[in-house]
Structures are given as structure tokens and as C-alpha cells.
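Engineer: Data: work15.cif, mmCIF, C-alpha atoms and all ligand atoms.
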data_query
#
loop_
_atom_site.group_PDB
_atom_site.id
_atom_site.type_symbol
_atom_site.label_atom_id
_atom_site.label_comp_id
_atom_site.auth_asym_id
_atom_site.auth_seq_id
_atom_site.Cartn_x
_atom_site.Cartn_y
_atom_site.Cartn_z
ATOM 1 C CA MET A 27 -25.520 -40.532 1.186
ATOM 2 C CA PRO A 28 -27.843 -43.100 2.721
ATOM 3 C CA GLU A 29 -25.990 -46.154 4.011
ATOM 4 C CA LEU A 30 -27.276 -49.357 5.628
ATOM 5 C CA PRO A 31 -28.996 -47.752 8.674
ATOM 6 C CA GLU A 32 -30.609 -44.946 6.668
ATOM 7 C CA CYS A 33 -31.832 -47.413 4.025
ATOM 8 C CA GLU A 34 -33.209 -49.643 6.781
ATOM 9 C CA ALA A 35 -35.134 -46.667 8.224
ATOM 10 C CA ASN A 36 -36.664 -46.118 4.764
ATOM 11 C CA ARG A 37 -37.531 -49.812 4.460
ATOM 12 C CA ARG A 38 -39.246 -49.738 7.849
ATOM 13 C CA ARG A 39 -41.436 -46.834 6.740
ATOM 14 C CA VAL A 40 -42.618 -48.840 3.726
ATOM 15 C CA GLU A 41 -43.131 -51.920 5.907
ATOM 16 C CA ASP A 42 -45.111 -49.963 8.495
ATOM 17 C CA HIS A 43 -47.288 -47.912 6.172
ATOM 18 C CA CYS A 44 -47.562 -49.419 2.702
ATOM 19 C CA LEU A 45 -48.094 -53.190 2.891
ATOM 20 C CA ASN A 46 -51.231 -55.082 1.856
ATOM 21 C CA ARG A 47 -52.772 -52.179 -0.011
ATOM 22 C CA THR A 48 -53.763 -52.489 -3.649
ATOM 23 C CA ILE A 49 -51.809 -50.299 -6.054
ATOM 24 C CA GLU A 50 -54.358 -48.315 -8.040
ATOM 25 C CA ALA A 51 -52.075 -45.941 -9.915
ATOM 26 C CA ILE A 52 -48.473 -44.842 -10.242
ATOM 27 C CA GLU A 53 -47.865 -41.173 -10.851
ATOM 28 C CA MET A 54 -44.637 -39.925 -12.362
ATOM 29 C CA GLY A 55 -43.024 -36.620 -11.425
ATOM 30 C CA GLU A 56 -43.090 -33.712 -13.812
ATOM 31 C CA THR A 57 -39.413 -33.715 -14.674
ATOM 32 C CA SER A 58 -38.109 -36.722 -16.522
ATOM 33 C CA HIS A 59 -35.980 -39.218 -14.677
ATOM 34 C CA MET A 60 -34.585 -41.983 -16.847
ATOM 35 C CA ASP A 61 -33.862 -44.559 -14.211
ATOM 36 C CA LEU A 62 -37.443 -45.470 -13.315
ATOM 37 C CA PRO A 63 -39.695 -48.235 -14.672
ATOM 38 C CA GLY A 64 -41.415 -47.447 -17.974
ATOM 39 C CA ASP A 65 -45.140 -47.648 -18.757
ATOM 40 C CA ASN A 66 -45.173 -51.400 -19.429
ATOM 41 C CA ALA A 67 -43.218 -52.285 -16.325
ATOM 42 C CA ARG A 68 -45.371 -50.056 -14.164
ATOM 43 C CA GLY A 69 -48.468 -51.696 -15.630
ATOM 44 C CA GLN A 70 -47.397 -54.991 -14.051
ATOM 45 C CA LEU A 71 -47.849 -53.441 -10.613
ATOM 46 C CA MET A 72 -51.413 -52.278 -11.151
ATOM 47 C CA GLY A 73 -53.857 -54.125 -8.935
ATOM 48 C CA ARG A 74 -50.990 -55.796 -7.037
ATOM 49 C CA GLN A 75 -49.945 -55.318 -3.441
ATOM 50 C CA PHE A 76 -46.640 -55.164 -1.655
ATOM 51 C CA THR A 77 -46.879 -57.803 1.050
ATOM 52 C CA GLU A 78 -43.262 -57.836 2.184
ATOM 53 C CA THR A 79 -40.102 -55.780 2.176
ATOM 54 C CA ARG A 80 -36.423 -56.601 2.325
ATOM 55 C CA ARG A 81 -33.153 -54.756 2.388
ATOM 56 C CA HIS A 82 -29.700 -55.864 1.297
ATOM 57 C CA GLY A 83 -26.893 -53.384 1.817
ATOM 58 C CA LYS A 84 -28.155 -50.103 0.422
ATOM 59 C CA GLU A 85 -30.933 -51.603 -1.703
ATOM 60 C CA ILE A 86 -34.541 -51.698 -0.563
ATOM 61 C CA PHE A 87 -37.029 -54.215 -1.959
ATOM 62 C CA ALA A 88 -40.816 -54.342 -1.863
ATOM 63 C CA GLY A 89 -42.947 -57.054 -3.447
ATOM 64 C CA SER A 90 -44.913 -60.204 -2.846
ATOM 65 C CA LYS A 91 -44.525 -63.992 -3.072
ATOM 66 C CA THR A 92 -45.925 -63.951 -6.598
ATOM 67 C CA GLY A 93 -43.942 -60.874 -7.635
ATOM 68 C CA PRO A 94 -43.137 -58.541 -9.199
ATOM 69 C CA TRP A 95 -40.767 -56.649 -6.930
ATOM 70 C CA ILE A 96 -39.329 -53.187 -7.006
ATOM 71 C CA THR A 97 -35.770 -52.503 -5.916
ATOM 72 C CA VAL A 98 -34.920 -48.990 -4.828
ATOM 73 C CA SER A 99 -31.533 -47.304 -4.638
ATOM 74 C CA LEU A 100 -31.695 -43.980 -2.812
ATOM 75 C CA GLY A 101 -28.579 -42.575 -4.489
ATOM 76 C CA MET A 102 -27.195 -39.483 -2.745
ATOM 77 C CA THR A 103 -30.336 -37.827 -1.438
ATOM 78 C CA GLY A 104 -33.288 -40.116 -2.139
ATOM 79 C CA SER A 105 -35.922 -41.306 0.328
ATOM 80 C CA LEU A 106 -39.178 -43.212 0.446
ATOM 81 C CA ARG A 107 -41.993 -41.147 1.954
ATOM 82 C CA PRO A 108 -45.368 -42.606 2.840
ATOM 83 C CA TYR A 109 -48.093 -40.013 3.273
ATOM 84 C CA ASP A 110 -51.849 -39.702 2.974
ATOM 85 C CA ALA A 111 -53.893 -37.879 0.361
ATOM 86 C CA GLY A 112 -54.791 -34.555 1.888
ATOM 87 C CA GLU A 113 -51.287 -34.142 3.323
ATOM 88 C CA ALA A 114 -48.742 -32.170 1.365
ATOM 89 C CA ALA A 115 -46.971 -34.413 -1.141
ATOM 90 C CA PRO A 116 -43.177 -34.457 -0.739
ATOM 91 C CA ASP A 117 -41.284 -32.222 -3.137
ATOM 92 C CA TYR A 118 -39.028 -33.844 -5.739
ATOM 93 C CA ALA A 119 -41.342 -36.871 -5.900
ATOM 94 C CA ARG A 120 -40.195 -38.726 -9.043
ATOM 95 C CA MET A 121 -42.607 -41.638 -8.731
ATOM 96 C CA THR A 122 -45.622 -41.994 -6.434
ATOM 97 C CA PHE A 123 -47.534 -45.192 -5.702
ATOM 98 C CA VAL A 124 -51.231 -44.525 -5.201
ATOM 99 C CA PHE A 125 -52.729 -47.212 -2.975
ATOM 100 C CA GLU A 126 -56.395 -47.896 -2.436
ATOM 101 C CA GLY A 127 -57.797 -45.407 0.053
ATOM 102 C CA ASP A 128 -55.643 -42.434 0.926
ATOM 103 C CA ARG A 129 -52.205 -43.961 1.318
ATOM 104 C CA ARG A 130 -49.419 -42.852 -1.006
ATOM 105 C CA LEU A 131 -45.718 -43.703 -1.266
ATOM 106 C CA ALA A 132 -43.432 -41.169 -2.888
ATOM 107 C CA PHE A 133 -39.907 -41.799 -4.107
ATOM 108 C CA ARG A 134 -38.316 -38.454 -3.353
ATOM 109 C CA CYS A 135 -35.067 -37.934 -5.240
ATOM 110 C CA PRO A 136 -33.873 -34.322 -5.538
ATOM 111 C CA ARG A 137 -30.591 -35.066 -7.322
ATOM 112 C CA LYS A 138 -31.926 -37.888 -9.495
ATOM 113 C CA LEU A 139 -29.061 -40.180 -8.593
ATOM 114 C CA GLY A 140 -31.305 -42.862 -7.149
ATOM 115 C CA TRP A 141 -33.359 -45.331 -9.125
ATOM 116 C CA ILE A 142 -36.192 -47.845 -9.011
ATOM 117 C CA ARG A 143 -36.186 -51.054 -11.039
ATOM 118 C CA MET A 144 -38.716 -53.821 -11.453
ATOM 119 C CA ILE A 145 -37.334 -57.292 -10.785
ATOM 120 C CA ASP A 146 -38.683 -60.830 -10.433
ATOM 121 C CA ASP A 147 -36.871 -61.870 -7.297
ATOM 122 C CA PRO A 148 -34.555 -60.117 -4.811
ATOM 123 C CA ASP A 149 -32.221 -63.106 -4.351
ATOM 124 C CA ASP A 150 -31.680 -63.467 -8.104
ATOM 125 C CA TRP A 151 -31.068 -59.726 -8.343
ATOM 126 C CA ILE A 152 -28.531 -59.712 -5.486
ATOM 127 C CA ALA A 153 -26.686 -62.613 -7.112
ATOM 128 C CA LYS A 154 -26.777 -60.994 -10.557
ATOM 129 C CA THR A 155 -25.481 -57.643 -9.362
ATOM 130 C CA GLY A 156 -22.710 -59.320 -7.365
ATOM 131 C CA LEU A 157 -23.402 -57.559 -4.081
ATOM 132 C CA GLY A 158 -21.448 -58.938 -1.158
ATOM 133 C CA PRO A 159 -23.114 -60.080 2.067
ATOM 134 C CA ASP A 160 -24.999 -57.440 4.022
ATOM 135 C CA ALA A 161 -22.750 -55.717 6.576
ATOM 136 C CA MET A 162 -25.005 -56.864 9.445
ATOM 137 C CA ASP A 163 -25.129 -60.460 8.165
ATOM 138 C CA ILE A 164 -21.495 -61.168 7.325
ATOM 139 C CA ASP A 165 -19.852 -63.324 9.988
ATOM 140 C CA ARG A 166 -16.496 -62.708 11.637
ATOM 141 C CA GLU A 167 -14.629 -65.339 9.664
ATOM 142 C CA ASN A 168 -15.908 -64.149 6.322
ATOM 143 C CA PHE A 169 -15.118 -60.538 7.279
ATOM 144 C CA ARG A 170 -11.538 -61.533 8.129
ATOM 145 C CA SER A 171 -11.008 -63.159 4.763
ATOM 146 C CA VAL A 172 -12.879 -60.570 2.657
ATOM 147 C CA ILE A 173 -11.299 -57.472 4.214
ATOM 148 C CA GLY A 174 -7.995 -59.092 5.197
ATOM 149 C CA GLY A 175 -7.617 -60.353 1.629
ATOM 150 C CA THR A 176 -7.805 -56.887 0.066
ATOM 151 C CA ARG A 177 -4.626 -55.153 -1.056
ATOM 152 C CA GLY A 178 -6.171 -51.671 -1.170
ATOM 153 C CA ALA A 179 -6.916 -49.169 1.590
ATOM 154 C CA VAL A 180 -9.070 -50.572 4.368
ATOM 155 C CA LYS A 181 -11.610 -47.745 4.021
ATOM 156 C CA SER A 182 -12.060 -48.546 0.324
ATOM 157 C CA ALA A 183 -12.434 -52.238 1.156
ATOM 158 C CA LEU A 184 -15.181 -51.497 3.678
ATOM 159 C CA MET A 185 -17.010 -49.372 1.115
ATOM 160 C CA ALA A 186 -16.734 -51.861 -1.784
ATOM 161 C CA GLN A 187 -20.322 -53.105 -2.135
ATOM 162 C CA LYS A 188 -19.183 -56.308 -3.854
ATOM 163 C CA LYS A 189 -17.158 -57.219 -0.766
ATOM 164 C CA ILE A 190 -19.615 -56.083 1.920
ATOM 165 C CA ALA A 191 -22.888 -54.344 1.106
ATOM 166 C CA GLY A 192 -24.177 -51.374 3.071
ATOM 167 C CA ILE A 193 -21.253 -49.244 4.249
ATOM 168 C CA GLY A 194 -20.362 -45.867 2.748
ATOM 169 C CA ASN A 195 -18.264 -42.853 3.585
ATOM 170 C CA LEU A 196 -19.630 -41.865 7.001
ATOM 171 C CA TRP A 197 -19.889 -45.195 8.729
ATOM 172 C CA SER A 198 -16.608 -46.574 7.368
ATOM 173 C CA ASP A 199 -14.890 -43.565 8.978
ATOM 174 C CA GLU A 200 -16.779 -44.171 12.206
ATOM 175 C CA ALA A 201 -15.906 -47.881 12.447
ATOM 176 C CA LEU A 202 -12.234 -47.150 11.677
ATOM 177 C CA PHE A 203 -12.149 -44.383 14.300
ATOM 178 C CA HIS A 204 -13.422 -46.709 17.035
ATOM 179 C CA ALA A 205 -11.081 -49.492 15.917
ATOM 180 C CA GLY A 206 -8.084 -47.112 15.963
ATOM 181 C CA ILE A 207 -7.144 -47.910 12.364
ATOM 182 C CA ALA A 208 -6.059 -45.282 9.815
ATOM 183 C CA PRO A 209 -8.332 -45.210 6.741
ATOM 184 C CA ASP A 210 -5.530 -45.594 4.206
ATOM 185 C CA VAL A 211 -3.758 -48.565 5.775
ATOM 186 C CA ARG A 212 -3.633 -51.527 3.415
ATOM 187 C CA ALA A 213 -6.334 -53.952 4.495
ATOM 188 C CA ASP A 214 -4.103 -56.998 3.985
ATOM 189 C CA ARG A 215 -1.553 -55.552 6.424
ATOM 190 C CA LEU A 216 -4.019 -55.544 9.335
ATOM 191 C CA SER A 217 -3.446 -58.068 12.108
ATOM 192 C CA GLN A 218 -6.074 -60.616 13.031
ATOM 193 C CA THR A 219 -6.711 -58.627 16.217
ATOM 194 C CA GLN A 220 -7.256 -55.424 14.223
ATOM 195 C CA LEU A 221 -9.603 -57.171 11.783
ATOM 196 C CA ASP A 222 -11.622 -58.614 14.658
ATOM 197 C CA LEU A 223 -11.787 -55.237 16.396
ATOM 198 C CA LEU A 224 -12.891 -53.583 13.151
ATOM 199 C CA PHE A 225 -15.591 -56.209 12.707
ATOM 200 C CA ASP A 226 -16.870 -55.578 16.261
ATOM 201 C CA LYS A 227 -16.812 -51.780 15.823
ATOM 202 C CA MET A 228 -18.549 -51.956 12.443
ATOM 203 C CA ARG A 229 -21.359 -53.927 14.076
ATOM 204 C CA GLU A 230 -21.486 -51.587 17.078
ATOM 205 C CA VAL A 231 -21.707 -48.468 14.913
ATOM 206 C CA LEU A 232 -24.347 -49.898 12.581
ATOM 207 C CA GLY A 233 -26.197 -51.467 15.523
ATOM 208 C CA LEU A 234 -26.534 -48.186 17.392
ATOM 209 C CA LEU A 235 -27.741 -46.417 14.260
ATOM 210 C CA LEU A 236 -30.247 -49.181 13.537
ATOM 211 C CA ASP A 237 -31.571 -48.964 17.104
ATOM 212 C CA ALA A 238 -31.892 -45.194 16.686
ATOM 213 C CA ASN A 239 -33.657 -45.648 13.334
ATOM 214 C CA ALA A 240 -30.846 -43.544 11.827
ATOM 215 C CA ASP A 241 -31.818 -40.493 13.895
ATOM 216 C CA TYR A 242 -28.510 -38.625 14.204
ATOM 217 C CA ASN A 243 -29.660 -36.894 17.399
ATOM 218 C CA HIS A 244 -28.879 -40.184 19.148
ATOM 219 C CA ILE A 245 -25.254 -40.258 18.027
ATOM 220 C CA PRO A 246 -22.921 -39.998 21.052
ATOM 221 C CA ASN A 247 -20.516 -37.072 21.212
ATOM 222 C CA SER A 248 -17.728 -39.654 21.571
ATOM 223 C CA TRP A 249 -18.161 -40.543 17.888
ATOM 224 C CA ILE A 250 -16.137 -38.812 15.193
ATOM 225 C CA PHE A 251 -19.397 -37.997 13.344
ATOM 226 C CA PRO A 252 -20.169 -34.779 15.307
ATOM 227 C CA HIS A 253 -16.540 -33.694 14.766
ATOM 228 C CA ARG A 254 -16.211 -34.265 11.014
ATOM 229 C CA ASP A 255 -14.330 -31.038 10.316
ATOM 230 C CA GLU A 256 -10.737 -30.513 9.434
ATOM 231 C CA GLY A 257 -9.156 -28.973 12.525
ATOM 232 C CA ALA A 258 -11.914 -30.072 14.932
ATOM 233 C CA SER A 259 -10.846 -31.641 18.218
ATOM 234 C CA CYS A 260 -10.829 -35.411 18.570
ATOM 235 C CA PRO A 261 -13.417 -36.366 21.201
ATOM 236 C CA ARG A 262 -11.086 -39.056 22.523
ATOM 237 C CA CYS A 263 -7.584 -37.517 22.693
ATOM 238 C CA GLY A 264 -8.179 -33.820 22.016
ATOM 239 C CA GLY A 265 -5.884 -34.029 18.973
ATOM 240 C CA THR A 266 -6.763 -32.530 15.610
ATOM 241 C CA ILE A 267 -9.103 -34.268 13.188
ATOM 242 C CA ALA A 268 -7.574 -34.584 9.722
ATOM 243 C CA ARG A 269 -9.052 -35.162 6.289
ATOM 244 C CA LYS A 270 -7.504 -37.244 3.551
ATOM 245 C CA ARG A 271 -8.651 -38.473 0.131
ATOM 246 C CA VAL A 272 -8.907 -42.249 0.212
ATOM 247 C CA GLY A 273 -10.253 -44.063 -2.836
ATOM 248 C CA GLY A 274 -11.781 -40.842 -4.147
ATOM 249 C CA ARG A 275 -13.656 -40.079 -0.916
ATOM 250 C CA SER A 276 -12.927 -37.708 1.958
ATOM 251 C CA ALA A 277 -11.934 -39.660 5.031
ATOM 252 C CA TYR A 278 -11.987 -37.916 8.411
ATOM 253 C CA TYR A 279 -9.815 -39.447 11.095
ATOM 254 C CA CYS A 280 -7.631 -38.707 14.106
ATOM 255 C CA PRO A 281 -3.952 -39.312 13.287
ATOM 256 C CA GLY A 282 -3.273 -39.696 17.019
ATOM 257 C CA CYS A 283 -5.937 -42.316 17.694
ATOM 258 C CA GLN A 284 -5.583 -43.985 14.293
ATOM 259 C CA PRO A 285 -1.846 -44.437 13.674
ATOM 260 C CA ARG A 286 -0.677 -45.950 10.388
ATOM 261 C CA THR A 287 0.754 -49.085 11.950
HETATM 262 ZN ZN ZN A 301 -7.769 -38.812 18.828
#
What is this structure when it is put down as C-alpha cells?
Ligand SMILES: [Zn+2]

Structural biologist:
Amino acid sequence: MPELPECEANRRRVEDHCLNRTIEAIEMGETSHMDLPGDNARGQLMGRQFTETRRHGKEIFAGSKTGPWITVSLGMTGSLRPYDAGEAAPDYARMTFVFEGDRRLAFRCPRKLGWIRMIDDPDDWIAKTGLGPDAMDIDRENFRSVIGGTRGAVKSALMAQKKIAGIGNLWSDEALFHAGIAPDVRADRLSQTQLDLLFDKMREVLGLLLDANADYNHIPNSWIFPHRDEGASCPRCGGTIARKRVGGRSAYYCPGCQPRT
């Protein structure tokens, strides 16, 4: 599932290829998908341009000073794919923006768990939906109080979008692995030192992925990511990687490197 770095890579594609072009048409995919703007809403975009993009957590925004904006959630498998007429259109395109000239932007969404909504203003939307601060924007002090003030499992706290926006299953496991913290430890039992280390590792993990534009070929072998298999060897201690359900998700961790203390 796309998390902060993957969503940022999608935003960058829109920023690089789809700004300042007049929207001439919006084509809908052949199969119905409920969670997309209807005829009237889409009509508001005709003749307009996207002049800027934003991202907050896992949501991607495109719009202009005078609005309207779209906000995109990629769901489990969605992506935003710019291409040019004459190139093969992406499969599973649920909604395609046709810009003046040849440029197109497809919202590809095989499992239909993503969505696009029309909104007036990203800041109002973020406030209304109650998203927490973006994981790359939250400061150390706020992180300490938000995560350290949670009674539930630390992994669940990291993934709660209303506490911190942008982190999901993969990169919560990765940050916890590097911080040496078990995923199911109660967040409010972590020491200040552990919270600070977790904050630093969260930023390191997301920072490397952002620099790599979410290309997993750049992920070091010292991360748990290439070893996410029950019974795989821990790249740090050689111990056995374990899997555990935490907050309804599968957490991978090394019991040796991430003791429950
Ligand atoms: Zn280990």
C-alpha cells in the first residue's frame, strides 16, 4: 500500500508532467467506480489548469489558487500515471484527465480502493478530515507527546493517520526495526530516549525513500524490508525474523534486535 514516499513519488510525476495545461476532457473508465467525482463536479474542472500540487500524509492534491482542487487517495494499489496520446494508456485507468495537446493523466486503480474527490481547499480538507501532521513535518517535541501519549501498540500509533499522517505497514516496521523497538510495545511505556530514537529512525527511513523516489532497488540490505519473511535471517544479528498481528496488520520484526522492554 502506498505510504508517504510512494505518494510523494506520484505527486512529483503530476508536478513534473501535468501542470499549467488546460483540462479539455475527463474520461471515465469502463467499469463503474463509485468513489470518483460525478458529472457536475467534473464539469467544474473543464477549461481549468492544475498549477500546483501538494501532499499531506498519503493524500495527493492538485489544483490552483482559484480552485477547485482534486484530492487523491491511492488506496492499496492506485497510482497516478502521466502519459502522452499515442502511448499505450495504463490499464485499470478509472479516470483520465485529457489536457490540451497530447498530455494525459490516468488514475490507475486496479482494486478500486482508492478515490478522487473534488475539494475547495487542501488546508480546509486536512482540518475537516482530522489528519495529523505529515510524518516529515512533525517536530520532535510533538512526536514525543503524540506517540508517547498513546496507550496502544507503538506500531498502531505510528500508523494512525489522525496522529501522524503518512506511515503504513511497511515503513512503521522499518522505523521500529532500526530503533530496536518491538511493534507491540505500548507506546506510552517507551522512554524519552526510545521515542527520540524512533523519531530519528522514522525520518531516516522516510528520507532515504524520498531521496530514492520510492525506488525499492535503492533500499539497503541492512533494512528489514528485503527480509520480510517469517523465518528469514535478520540482517543485523542473524536471528530469525518473526511475524505478529498488531492492530490488525502483519508486523515483521526481529525479536532479538527488538526486545519487548
Ligand atoms: Zn536481529

Engineer: Please, which residues have at least one atom within 12 Å of an atom of ligand ZN 301 (chain A), using all atoms listed in the file, listed as a PyMOL selection string?

Structural biologist: chain A and resi 202-208+248-250+253+257-268+278-285

Engineer: Output the residue selection produced by the PyMOL selection byres (((chain A and resi 128-141) around 9) and not hetatm) on the file above, formatted as a PyMOL selection string.

Structural biologist: chain A and resi 40+43-44+47+59-63+97-112+115-127+142-143

Engineer: Find the residues near Ala183 in chain A: any atom within 12 Å, counting only C-alpha atoms, skip ones fewer than 5 places away on the same chain, and give them as a PyMOL selection string.

Structural biologist: chain A and resi 158+169-178+188-195+198-199+202+209-214+272-273

Engineer: Limited to C-alpha atoms, could you put the picked residues into a file as a tab-separated table (two decimals), keeping the file's coordinate frame?

Structural biologist:
chain	number	residue	atom	x	y	z
A	158	GLY	CA	-21.45	-58.94	-1.16
A	169	PHE	CA	-15.12	-60.54	7.28
A	170	ARG	CA	-11.54	-61.53	8.13
A	171	SER	CA	-11.01	-63.16	4.76
A	172	VAL	CA	-12.88	-60.57	2.66
A	173	ILE	CA	-11.30	-57.47	4.21
A	174	GLY	CA	-8.00	-59.09	5.20
A	175	GLY	CA	-7.62	-60.35	1.63
A	176	THR	CA	-7.80	-56.89	0.07
A	177	ARG	CA	-4.63	-55.15	-1.06
A	178	GLY	CA	-6.17	-51.67	-1.17
A	188	LYS	CA	-19.18	-56.31	-3.85
A	189	LYS	CA	-17.16	-57.22	-0.77
A	190	ILE	CA	-19.61	-56.08	1.92
A	191	ALA	CA	-22.89	-54.34	1.11
A	192	GLY	CA	-24.18	-51.37	3.07
A	193	ILE	CA	-21.25	-49.24	4.25
A	194	GLY	CA	-20.36	-45.87	2.75
A	195	ASN	CA	-18.26	-42.85	3.58
A	198	SER	CA	-16.61	-46.57	7.37
A	199	ASP	CA	-14.89	-43.56	8.98
A	202	LEU	CA	-12.23	-47.15	11.68
A	209	PRO	CA	-8.33	-45.21	6.74
A	210	ASP	CA	-5.53	-45.59	4.21
A	211	VAL	CA	-3.76	-48.56	5.78
A	212	ARG	CA	-3.63	-51.53	3.42
A	213	ALA	CA	-6.33	-53.95	4.50
A	214	ASP	CA	-4.10	-57.00	3.98
A	272	VAL	CA	-8.91	-42.25	0.21
A	273	GLY	CA	-10.25	-44.06	-2.84

Engineer: Find the spatial neighbours of Arg38 in chain A, counting all atoms listed in the file, within a cut-off of 9 Å - ignore same-chain residues fewer than 4 positions away - and output them as a list of chain:residue names.

Structural biologist: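 Neighbouring residues, sequence-local ones excluded: A:Cys33, A:Glu34, A:Asp42, A:His43, A:Thr79, A:Asn239.
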
Engineer: Find the distance between CA of Asp65 in chain A and CA of Asp146 in chain A and write it in Å to one decimal.

Structural biologist: 16.9 Å

Engineer: Determine the nearest neighbour of Ile145 in chain A from the options A:Thr57, A:Gly93, A:Asp165, A:Glu113, counting only C-alpha atoms.

Structural biologist: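 Between A:Thr57, A:Gly93, A:Asp165, A:Glu113, the residue approaching Ile145 in chain A most closely is A:Gly93.
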
Engineer: Would you write out, as a list in words, every residue that the PyMOL selection byres (((chain A and resi 49) around 6) and not hetatm) captures in this file?

Structural biologist: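 For this structure, the PyMOL selection byres (((chain A and resi 49) around 6) and not hetatm) captures Thr48, Glu50, Ala51, Met72, Gly73, Arg74, Gln75, Val124 and Phe125 of chain A.
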
Engineer: Just the number, please: distance in Å from CA of Gly55 in chain A to CA of Tyr242 in chain A, one decimal.

Structural biologist: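 Those two atoms sit 29.5 Å apart.
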
Engineer: For Arg80 in chain A, please output as JSON, numbers by chain all residues within 12 Å (counting all atoms listed in the file; exclusion window: fewer than 6 positions along the same chain).

Structural biologist: {"A": [33, 34, 35, 36, 37, 38, 39, 40, 41, 86, 87, 88, 89, 90, 95, 96, 97, 98, 147, 148, 149, 152, 160]}
